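Coordinates from query-v1.txt are shown below (compact mmCIF, C-alpha atoms).
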# COMPACT_ATOMS: atom_id res chain seq x y z
CA MET A 19 14.86 0.06 -36.15
CA ALA A 20 11.83 -2.13 -35.52
CA VAL A 21 9.95 -0.86 -32.54
CA THR A 22 6.52 -2.25 -31.82
CA ALA A 23 3.84 0.18 -30.79
CA ASP A 24 3.52 -1.63 -27.50
CA GLY A 25 6.96 -2.57 -26.27
CA ALA A 26 6.94 -6.11 -24.93
CA VAL A 27 9.68 -5.03 -22.58
CA LEU A 28 7.12 -3.01 -20.66
CA SER A 29 4.24 -5.45 -20.55
CA ALA A 30 5.45 -7.21 -17.41
CA GLU A 31 5.35 -3.93 -15.51
CA ARG A 32 1.82 -3.18 -16.59
CA GLU A 33 -0.15 -6.32 -16.02
CA LEU A 34 -0.73 -8.94 -13.39
CA VAL A 35 -1.97 -12.36 -14.47
CA ILE A 36 -3.08 -15.04 -12.04
CA THR A 37 -4.52 -18.42 -12.99
CA ARG A 38 -6.08 -20.98 -10.71
CA ILE A 39 -8.17 -24.10 -11.21
CA PHE A 40 -11.15 -24.53 -8.90
CA ASP A 41 -12.93 -27.81 -8.32
CA ALA A 42 -16.38 -26.41 -9.09
CA PRO A 43 -18.52 -25.85 -12.18
CA ARG A 44 -18.18 -22.61 -14.09
CA ARG A 45 -21.65 -21.28 -13.32
CA LEU A 46 -21.01 -21.65 -9.63
CA LEU A 47 -17.71 -19.77 -9.93
CA PHE A 48 -19.45 -16.99 -11.79
CA LYS A 49 -22.03 -16.75 -8.99
CA MET A 50 -19.26 -16.45 -6.42
CA TRP A 51 -18.16 -13.24 -8.15
CA THR A 52 -21.52 -11.74 -8.94
CA GLU A 53 -23.81 -12.52 -5.99
CA PRO A 54 -23.13 -10.48 -2.84
CA GLU A 55 -24.03 -13.20 -0.33
CA HIS A 56 -21.35 -15.41 -1.89
CA LEU A 57 -18.72 -12.81 -2.66
CA GLU A 58 -18.77 -11.46 0.87
CA ARG A 59 -17.80 -14.89 2.18
CA TRP A 60 -14.42 -15.02 0.51
CA TRP A 61 -13.38 -11.56 -0.73
CA GLY A 62 -10.31 -10.14 0.95
CA PRO A 63 -7.29 -11.54 2.74
CA ALA A 64 -7.56 -13.84 5.75
CA GLY A 65 -8.27 -11.98 8.99
CA PHE A 66 -10.09 -9.10 7.29
CA THR A 67 -13.76 -8.45 8.05
CA MET A 68 -16.22 -7.08 5.50
CA ILE A 69 -17.94 -4.11 7.14
CA PHE A 70 -19.67 -2.62 4.13
CA SER A 71 -20.48 -4.02 0.72
CA ARG A 72 -22.62 -2.88 -2.14
CA MET A 73 -22.52 -4.13 -5.71
CA ASP A 74 -24.68 -3.31 -8.67
CA VAL A 75 -23.67 -6.11 -11.01
CA ARG A 76 -24.43 -4.81 -14.48
CA ARG A 77 -22.55 -2.85 -17.09
CA GLY A 78 -21.95 0.62 -15.66
CA GLY A 79 -23.00 -0.45 -12.17
CA ALA A 80 -20.81 0.50 -9.20
CA TRP A 81 -19.33 -1.64 -6.46
CA THR A 82 -17.82 -0.61 -3.16
CA ARG A 83 -16.45 -2.64 -0.27
CA SER A 84 -14.92 -1.64 3.03
CA MET A 85 -12.91 -4.13 5.00
CA GLN A 86 -11.46 -3.91 8.46
CA ALA A 87 -7.90 -5.14 8.80
CA PRO A 88 -6.76 -7.08 11.88
CA ASP A 89 -5.10 -3.88 13.16
CA GLY A 90 -8.45 -2.06 13.04
CA SER A 91 -7.75 0.11 10.02
CA VAL A 92 -10.43 0.27 7.34
CA ILE A 93 -9.62 -0.22 3.68
CA ARG A 94 -12.09 0.86 1.02
CA LYS A 95 -12.10 -0.46 -2.52
CA HIS A 96 -14.45 0.50 -5.28
CA GLY A 97 -15.02 0.46 -9.01
CA VAL A 98 -17.46 0.13 -11.86
CA TYR A 99 -18.50 -2.97 -13.79
CA ARG A 100 -17.52 -2.72 -17.46
CA GLU A 101 -18.68 -6.10 -18.72
CA ILE A 102 -20.71 -8.91 -17.25
CA VAL A 103 -20.87 -11.94 -19.53
CA PRO A 104 -22.41 -14.89 -17.69
CA PRO A 105 -20.95 -17.33 -17.01
CA GLU A 106 -17.65 -16.57 -18.66
CA ARG A 107 -16.44 -13.13 -17.74
CA SER A 108 -16.61 -10.16 -15.44
CA VAL A 109 -14.67 -6.96 -16.08
CA PHE A 110 -14.52 -4.10 -13.60
CA THR A 111 -12.42 -1.16 -12.59
CA TYR A 112 -10.73 -1.41 -9.22
CA VAL A 113 -9.45 1.40 -7.02
CA THR A 114 -8.05 1.17 -3.50
CA ASP A 115 -8.34 4.31 -1.38
CA ASP A 116 -5.57 5.24 1.00
CA PRO A 117 -6.45 5.64 4.73
CA GLU A 118 -7.21 9.35 4.14
CA GLY A 119 -9.73 8.42 1.48
CA ASN A 120 -7.64 9.48 -1.50
CA PRO A 121 -8.09 7.11 -4.42
CA GLY A 122 -5.04 5.20 -5.65
CA PRO A 123 -4.42 4.51 -9.33
CA GLU A 124 -7.32 2.93 -11.17
CA THR A 125 -6.82 -0.59 -12.47
CA LEU A 126 -8.92 -2.75 -14.74
CA VAL A 127 -9.63 -6.33 -13.61
CA THR A 128 -10.79 -9.02 -16.02
CA VAL A 129 -11.87 -12.31 -14.49
CA SER A 130 -12.61 -15.09 -16.93
CA PHE A 131 -13.88 -18.59 -16.33
CA VAL A 132 -13.15 -21.54 -18.61
CA ASP A 133 -15.14 -24.76 -18.25
CA LEU A 134 -12.88 -27.77 -17.79
CA GLY A 135 -15.68 -30.29 -17.47
CA GLY A 136 -16.77 -29.86 -13.86
CA LYS A 137 -13.69 -27.89 -12.89
CA THR A 138 -13.10 -24.28 -13.80
CA ARG A 139 -10.00 -22.40 -14.79
CA LEU A 140 -10.10 -18.86 -13.49
CA THR A 141 -7.78 -16.29 -15.01
CA LEU A 142 -7.47 -12.86 -13.49
CA HIS A 143 -5.82 -9.97 -15.32
CA GLN A 144 -5.20 -6.74 -13.51
CA ALA A 145 -3.66 -3.78 -15.26
CA PRO A 146 -3.43 -0.05 -14.68
CA PHE A 147 -6.45 1.33 -16.43
CA GLN A 148 -4.85 4.30 -18.11
CA ALA A 149 -2.17 2.15 -19.67
CA VAL A 150 -4.50 -0.39 -21.22
CA ALA A 151 -7.76 1.31 -22.01
CA THR A 152 -7.42 3.54 -25.00
CA ARG A 153 -10.61 4.78 -26.51
CA ASP A 154 -10.43 2.24 -29.33
CA ASP A 155 -9.91 -0.63 -26.93
CA HIS A 156 -12.99 0.55 -25.15
CA LEU A 157 -15.11 0.52 -28.27
CA ARG A 158 -13.91 -2.93 -29.29
CA GLY A 159 -14.49 -4.18 -25.77
CA TRP A 160 -18.00 -2.83 -25.59
CA THR A 161 -19.03 -4.04 -29.02
CA GLY A 162 -17.63 -7.48 -28.35
CA ALA A 163 -19.34 -7.65 -25.02
CA LEU A 164 -22.71 -6.73 -26.46
CA GLU A 165 -22.37 -9.27 -29.24
CA ARG A 166 -21.47 -12.00 -26.81
CA PHE A 167 -24.30 -11.03 -24.53
CA ALA A 168 -26.75 -11.17 -27.43
CA GLU A 169 -25.43 -14.62 -28.32
CA TYR A 170 -25.78 -15.67 -24.75
CA LEU A 171 -29.40 -14.52 -24.57
CA ALA A 172 -30.20 -16.22 -27.86
CA ALA A 173 -28.64 -19.45 -26.67
CA SER A 174 -30.43 -19.46 -23.33
CA ALA A 175 -33.81 -18.69 -24.96
CA VAL A 176 -33.70 -21.98 -26.89
CA MET B 28 0.01 3.92 1.12
CA PHE B 29 0.38 4.73 -2.57
CA PRO B 30 3.36 6.63 -3.81
CA ASP B 31 1.94 9.66 -5.60
CA HIS B 32 4.27 9.20 -8.51
CA LEU B 33 2.53 5.96 -9.50
CA SER B 34 -0.29 7.89 -11.11
CA THR B 35 2.25 10.00 -12.99
CA THR B 36 4.08 6.87 -14.10
CA TYR B 37 0.92 5.25 -15.39
CA ALA B 38 -0.30 8.41 -17.07
CA ALA B 39 3.04 8.59 -18.90
CA LEU B 40 2.76 4.92 -19.89
CA ALA B 41 -0.79 5.37 -21.17
CA ASP B 42 0.43 6.53 -24.57
CA PRO B 43 1.60 3.91 -27.10
CA THR B 44 4.22 6.24 -28.63
CA ARG B 45 5.74 6.84 -25.21
CA ARG B 46 5.78 3.11 -24.51
CA ALA B 47 7.52 2.54 -27.84
CA ILE B 48 10.08 5.24 -26.98
CA LEU B 49 10.77 3.50 -23.68
CA ALA B 50 11.05 0.14 -25.43
CA ARG B 51 13.64 1.67 -27.76
CA LEU B 52 15.54 3.20 -24.83
CA ALA B 53 15.56 -0.15 -23.05
CA ALA B 54 17.98 -1.18 -25.80
CA GLY B 55 20.31 1.73 -25.03
CA GLU B 56 20.72 5.52 -25.07
CA ALA B 57 19.37 7.46 -28.01
CA THR B 58 19.15 11.04 -29.20
CA VAL B 59 15.87 12.79 -30.01
CA GLY B 60 16.62 12.38 -33.72
CA GLU B 61 17.19 8.65 -33.34
CA LEU B 62 14.00 8.30 -31.33
CA ALA B 63 11.96 10.20 -33.91
CA GLU B 64 13.17 7.99 -36.76
CA PRO B 65 10.78 5.01 -36.45
CA PHE B 66 7.77 7.29 -36.03
CA ALA B 67 6.15 9.52 -38.58
CA MET B 68 6.56 12.41 -36.18
CA SER B 69 8.25 15.76 -36.09
CA LEU B 70 11.09 16.39 -33.66
CA PRO B 71 8.96 18.82 -31.58
CA ALA B 72 6.24 16.18 -31.25
CA VAL B 73 8.77 13.63 -30.02
CA SER B 74 10.27 16.21 -27.69
CA LYS B 75 6.86 16.73 -26.15
CA HIS B 76 6.58 13.02 -25.38
CA LEU B 77 10.10 13.05 -23.95
CA LYS B 78 9.17 15.90 -21.62
CA VAL B 79 6.25 13.84 -20.24
CA LEU B 80 8.54 10.86 -19.74
CA GLU B 81 11.18 13.03 -18.11
CA ARG B 82 8.68 14.62 -15.72
CA ALA B 83 7.52 11.14 -14.73
CA GLY B 84 11.14 10.22 -14.04
CA LEU B 85 11.02 7.45 -16.61
CA ILE B 86 13.89 8.87 -18.61
CA ALA B 87 16.88 11.09 -17.94
CA ARG B 88 18.83 13.22 -20.41
CA ARG B 89 22.53 13.79 -20.27
CA ARG B 90 23.28 17.44 -19.78
CA LYS B 91 26.89 17.53 -20.91
CA ALA B 92 26.60 16.22 -24.42
CA GLN B 93 25.41 18.61 -27.12
CA CYS B 94 22.81 16.18 -28.41
CA ARG B 95 21.52 15.37 -24.91
CA PRO B 96 20.93 11.64 -25.36
CA CYS B 97 18.08 10.05 -23.39
CA ARG B 98 18.30 6.95 -21.27
CA ILE B 99 15.66 4.93 -19.47
CA GLU B 100 15.36 5.15 -15.68
CA ALA B 101 14.34 1.81 -14.25
CA GLN B 102 13.17 2.78 -10.76
CA PRO B 103 9.67 4.14 -11.50
CA LEU B 104 8.94 1.08 -13.63
CA LYS B 105 10.14 -1.14 -10.81
CA ASP B 106 7.93 0.74 -8.35
CA ALA B 107 4.96 0.33 -10.66
CA ALA B 108 5.63 -3.39 -11.05
CA GLN B 109 5.98 -3.80 -7.29
CA TRP B 110 2.74 -1.95 -6.62
CA LEU B 111 0.87 -4.22 -9.01
CA GLU B 112 2.63 -7.28 -7.65
CA HIS B 113 1.33 -6.68 -4.12
CA TYR B 114 -2.13 -7.41 -5.50
CA ARG B 115 -0.97 -10.92 -6.38
CA GLN B 116 -0.70 -11.83 -2.72
CA LEU B 117 -4.07 -10.24 -2.04
CA TRP B 118 -5.77 -12.31 -4.74
CA ASP B 119 -3.97 -15.49 -3.72
CA GLU B 120 -5.30 -15.14 -0.18
CA SER B 121 -8.80 -14.39 -1.43
CA PHE B 122 -8.64 -17.40 -3.75
CA ASP B 123 -7.65 -19.66 -0.87
CA ARG B 124 -10.76 -18.51 0.96
CA LEU B 125 -12.87 -18.93 -2.17
CA ASP B 126 -11.54 -22.46 -2.58
CA ALA B 127 -12.48 -23.31 1.02
CA TYR B 128 -15.92 -21.73 0.67
CA LEU B 129 -16.61 -23.65 -2.56
CA GLY B 130 -15.67 -26.83 -0.72
CA GLU B 131 -18.22 -26.02 1.98
CA LEU B 132 -20.94 -25.23 -0.52
CA GLN B 133 -20.39 -28.36 -2.56
CA SER B 134 -20.12 -30.73 0.38
CA GLY B 135 -23.87 -30.18 0.68
CA LYS B 136 -23.96 -27.79 3.60
CA THR B 137 -25.87 -25.36 1.42
CA GLN B 138 -28.56 -26.01 -1.15
CA ASP B 139 -27.11 -23.25 -3.24
CA GLY B 140 -24.03 -25.20 -4.14
CA ARG B 141 -25.53 -27.13 -7.02
CA ASN B 142 -26.10 -25.21 -10.13
CA ARG B 143 -26.36 -26.05 -13.75
Re-express the file's structure as C-alpha cells.
Amino acid sequence: MAVTADGAVLSAERELVITRIFDAPRRLLFKMWTEPEHLERWWGPAGFTMIFSRMDVRRGGAWTRSMQAPDGSVIRKHGVYREIVPPERSVFTYVTDDPEGNPGPETLVTVSFVDLGGKTRLTLHQAPFQAVATRDDHLRGWTGALERFAEYLAASAV
Amino acid sequence: MFPDHLSTTYAALADPTRRAILARLAAGEATVGELAEPFAMSLPAVSKHLKVLERAGLIARRRKAQCRPCRIEAQPLKDAAQWLEHYRQLWDESFDRLDAYLGELQSGKTQDGRNR
C-alpha cells in the first residue's frame, strides 16, 4: 500500500491559500505589510477600528494588534515574525485570542509578493503551525531565509 | 470563540505518521496490523499513534470485532477546515481595504505612494 508521508487528502484541511493581484509595484506592497503607518490603514475587516498596534518587523520580533469590532468587543491578535525578506516575503505566526484572553491555535502565515511588471501578485498561505512546522522545516526555512537575505544585501550594495 | 478541541486536532495532525495513518483510513477501515504494514514500526508504536488520534476524535475503533478495526471520523477535520476557512473572509475584507488604500496612495494624495 502506497501511503505518502503527508497524505494529500488532508492538505485541504490544513492550509488556506489566497491569491490576489494588486495594481501597485511590489516594493509598495511590501511596505504596506511592514510599515505600521500603512498597515494600520487597511488591516482588519471593514467596520473594525485599530485601538492598539505594535510591530517589531524583524526575524524574532513580535507583533500585536487589538481591534474593536462594531459591537464594541475587542479582538486581540499577535504573533512573531519568522522571516522578513524584502521585498518578496514576510512570514509570521498568527494567534487570535478569545474574548477572555485565551490564545487560539497558532497558525503560520506566509505572504509572498511576485512582481508582474508594475502589478503585484500576492499569495497568502495560512496553516496551523503545529501541523506544518516540524523542526527540520524550521531549519530549512531559516537557512533559506538567511541565504536569500544575504543575496538581497549583496544585490542592493551594488 | 474557538472550540477547545481544535488545538487537540492540530496537535494530533502535527505528526507525519499520524497524517499518513489518516490518509490510509480515508480509503477505508483498517486493522492495527494493516496500518503498521507500510511503516517500519512496531505494533505498539502504531498503537500509540492510534491512541492520540482516538483521543482527538479523529478515528474511532469498532468494539465488537476482535481485531477492532479503525475508521476515520470526519467531523473534527471538518471543524478544523471551517475554522481556517473563516480566515479567508477576514483576509478578503482586509485586501479590499488594502486595494482601496493603495488606490489612494497612488493617485498622488500621498508622497509616499511612489517607490522604486
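Remark: for chain B, the closest of the candidate residues A:Ser91, A:Ser130, A:Thr67, A:Thr114 is A:Thr114 (distances computed over all atoms listed in the file).
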Using only C-alpha atoms, pick whichever of A:Glu106, A:Glu55, A:Asp116, A:Asp133 has the shortest atom-to-atom distance to chain B.
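The answer is A:Asp116, which sits nearest to chain B.
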Selection near B:Glu112, 12 Å with only C-alpha atoms, sequence-local residues under 6 positions removed, as a compact mmCIF listing (two decimals) with C-alpha atoms, in the coordinates of the input:
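Output contents, as saved in out.txt:
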# COMPACT_ATOMS: atom_id res chain seq x y z
CA ALA A 30 5.45 -7.21 -17.41
CA GLU A 31 5.35 -3.93 -15.51
CA ARG A 32 1.82 -3.18 -16.59
CA GLU A 33 -0.15 -6.32 -16.02
CA LEU A 34 -0.73 -8.94 -13.39
CA VAL A 35 -1.97 -12.36 -14.47
CA ILE A 36 -3.08 -15.04 -12.04
CA HIS A 143 -5.82 -9.97 -15.32
CA GLN A 144 -5.20 -6.74 -13.51
CA ALA A 145 -3.66 -3.78 -15.26
CA PRO A 146 -3.43 -0.05 -14.68
CA LYS B 105 10.14 -1.14 -10.81
CA ASP B 106 7.93 0.74 -8.35
CA TRP B 118 -5.77 -12.31 -4.74
CA ASP B 119 -3.97 -15.49 -3.72
Please, which residues in chain B fall within 7 Å of chain A when counting all atoms listed in the file, and what is the closest atom pair and distance in Å to one decimal for each, ordered by chain then residue number, as a tab-separated table?
residue	atom	partner	partner_atom	distance
B:Met28	CA	A:Asp116	CA	5.7
B:Phe29	CA	A:Gly122	CA	6.3
B:Ser34	CA	A:Pro123	CA	5.6
B:Tyr37	CA	A:Ala149	CA	6.1
B:Ala38	CA	A:Gln148	CA	6.2
B:Leu40	CA	A:Ala149	CA	5.7
B:Ala41	CA	A:Ala149	CA	3.8
B:Pro43	CA	A:Ala23	CA	5.7
B:Thr44	CA	A:Ala23	CA	6.4
B:Arg46	CA	A:Asp24	CA	6.0
B:Ala47	CA	A:Ala23	CA	5.3
B:Ala50	CA	A:Gly25	CA	5.0
B:Arg51	CA	A:Val21	CA	6.5
B:Pro65	CA	A:Met19	CA	6.4
B:Leu104	CA	A:Glu31	CA	6.4
B:Ala107	CA	A:Glu31	CA	6.5
B:Ala108	CA	A:Glu31	CA	4.5
B:Leu111	CA	A:Leu34	CA	6.6
B:Glu112	CA	A:Leu34	CA	6.9
B:Leu117	CA	A:Pro63	CA	5.9
B:Glu120	CA	A:Pro63	CA	5.0
B:Ser121	CA	A:Gly62	CA	5.1
B:Arg124	CA	A:Trp60	CA	5.1
B:Leu125	CA	A:Trp60	CA	5.0
B:Asp126	CA	A:Phe40	CA	6.7
B:Tyr128	CA	A:Trp60	CA	6.9
B:Asn142	CA	A:Leu46	CA	6.2
B:Arg143	CA	A:Arg45	CA	6.7
To one decimal in Å, tell me the separation between atom CA of B:Glu81 and atom CA of B:Gly55.
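So the two atoms, atom CA of B:Glu81 and atom CA of B:Gly55, lie 16.1 Å apart.
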To one decimal place in Å, what is the distance between atom CA of B:Ala53 and atom CA of B:Arg115?
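Separation of atom CA of B:Ala53 and atom CA of B:Arg115: 25.8 Å.
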Correct to one decimal, the distance atom CA of A:Leu126-atom CA of B:Thr36 is 16.2 Å
Could you name the residues that touch B:Ile86 at 6 Å or less, counting all atoms listed in the file, but leaving out those on the same chain fewer than 2 positions away, as a PDB file with C-alpha atoms, in the coordinates of the input?
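Here's the written file result.pdb:
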ATOM      1  CA  LEU B  80       8.540  10.860 -19.740  1.00  0.00           C
ATOM      2  CA  GLU B  81      11.180  13.030 -18.110  1.00  0.00           C
ATOM      3  CA  GLY B  84      11.140  10.220 -14.040  1.00  0.00           C
ATOM      4  CA  ARG B  98      18.300   6.950 -21.270  1.00  0.00           C
ATOM      5  CA  ILE B  99      15.660   4.930 -19.470  1.00  0.00           C
ATOM      6  CA  GLU B 100      15.360   5.150 -15.680  1.00  0.00           C
TER       7      GLU B 100
END
Sphere at (7.0, 11.8, -22.1), radius 8 Å, counting only C-alpha atoms: residues as an mmCIF file with C-alpha atoms, in the coordinates of the input:
data_model
loop_
_atom_site.group_PDB
_atom_site.id
_atom_site.type_symbol
_atom_site.label_atom_id
_atom_site.label_comp_id
_atom_site.auth_asym_id
_atom_site.auth_seq_id
_atom_site.Cartn_x
_atom_site.Cartn_y
_atom_site.Cartn_z
ATOM 1 C CA ALA B 39 3.040 8.590 -18.900
ATOM 2 C CA ARG B 45 5.740 6.840 -25.210
ATOM 3 C CA SER B 74 10.270 16.210 -27.690
ATOM 4 C CA LYS B 75 6.860 16.730 -26.150
ATOM 5 C CA HIS B 76 6.580 13.020 -25.380
ATOM 6 C CA LEU B 77 10.100 13.050 -23.950
ATOM 7 C CA LYS B 78 9.170 15.900 -21.620
ATOM 8 C CA VAL B 79 6.250 13.840 -20.240
ATOM 9 C CA LEU B 80 8.540 10.860 -19.740
ATOM 10 C CA GLU B 81 11.180 13.030 -18.110
ATOM 11 C CA ARG B 82 8.680 14.620 -15.720
ATOM 12 C CA ALA B 83 7.520 11.140 -14.730
#
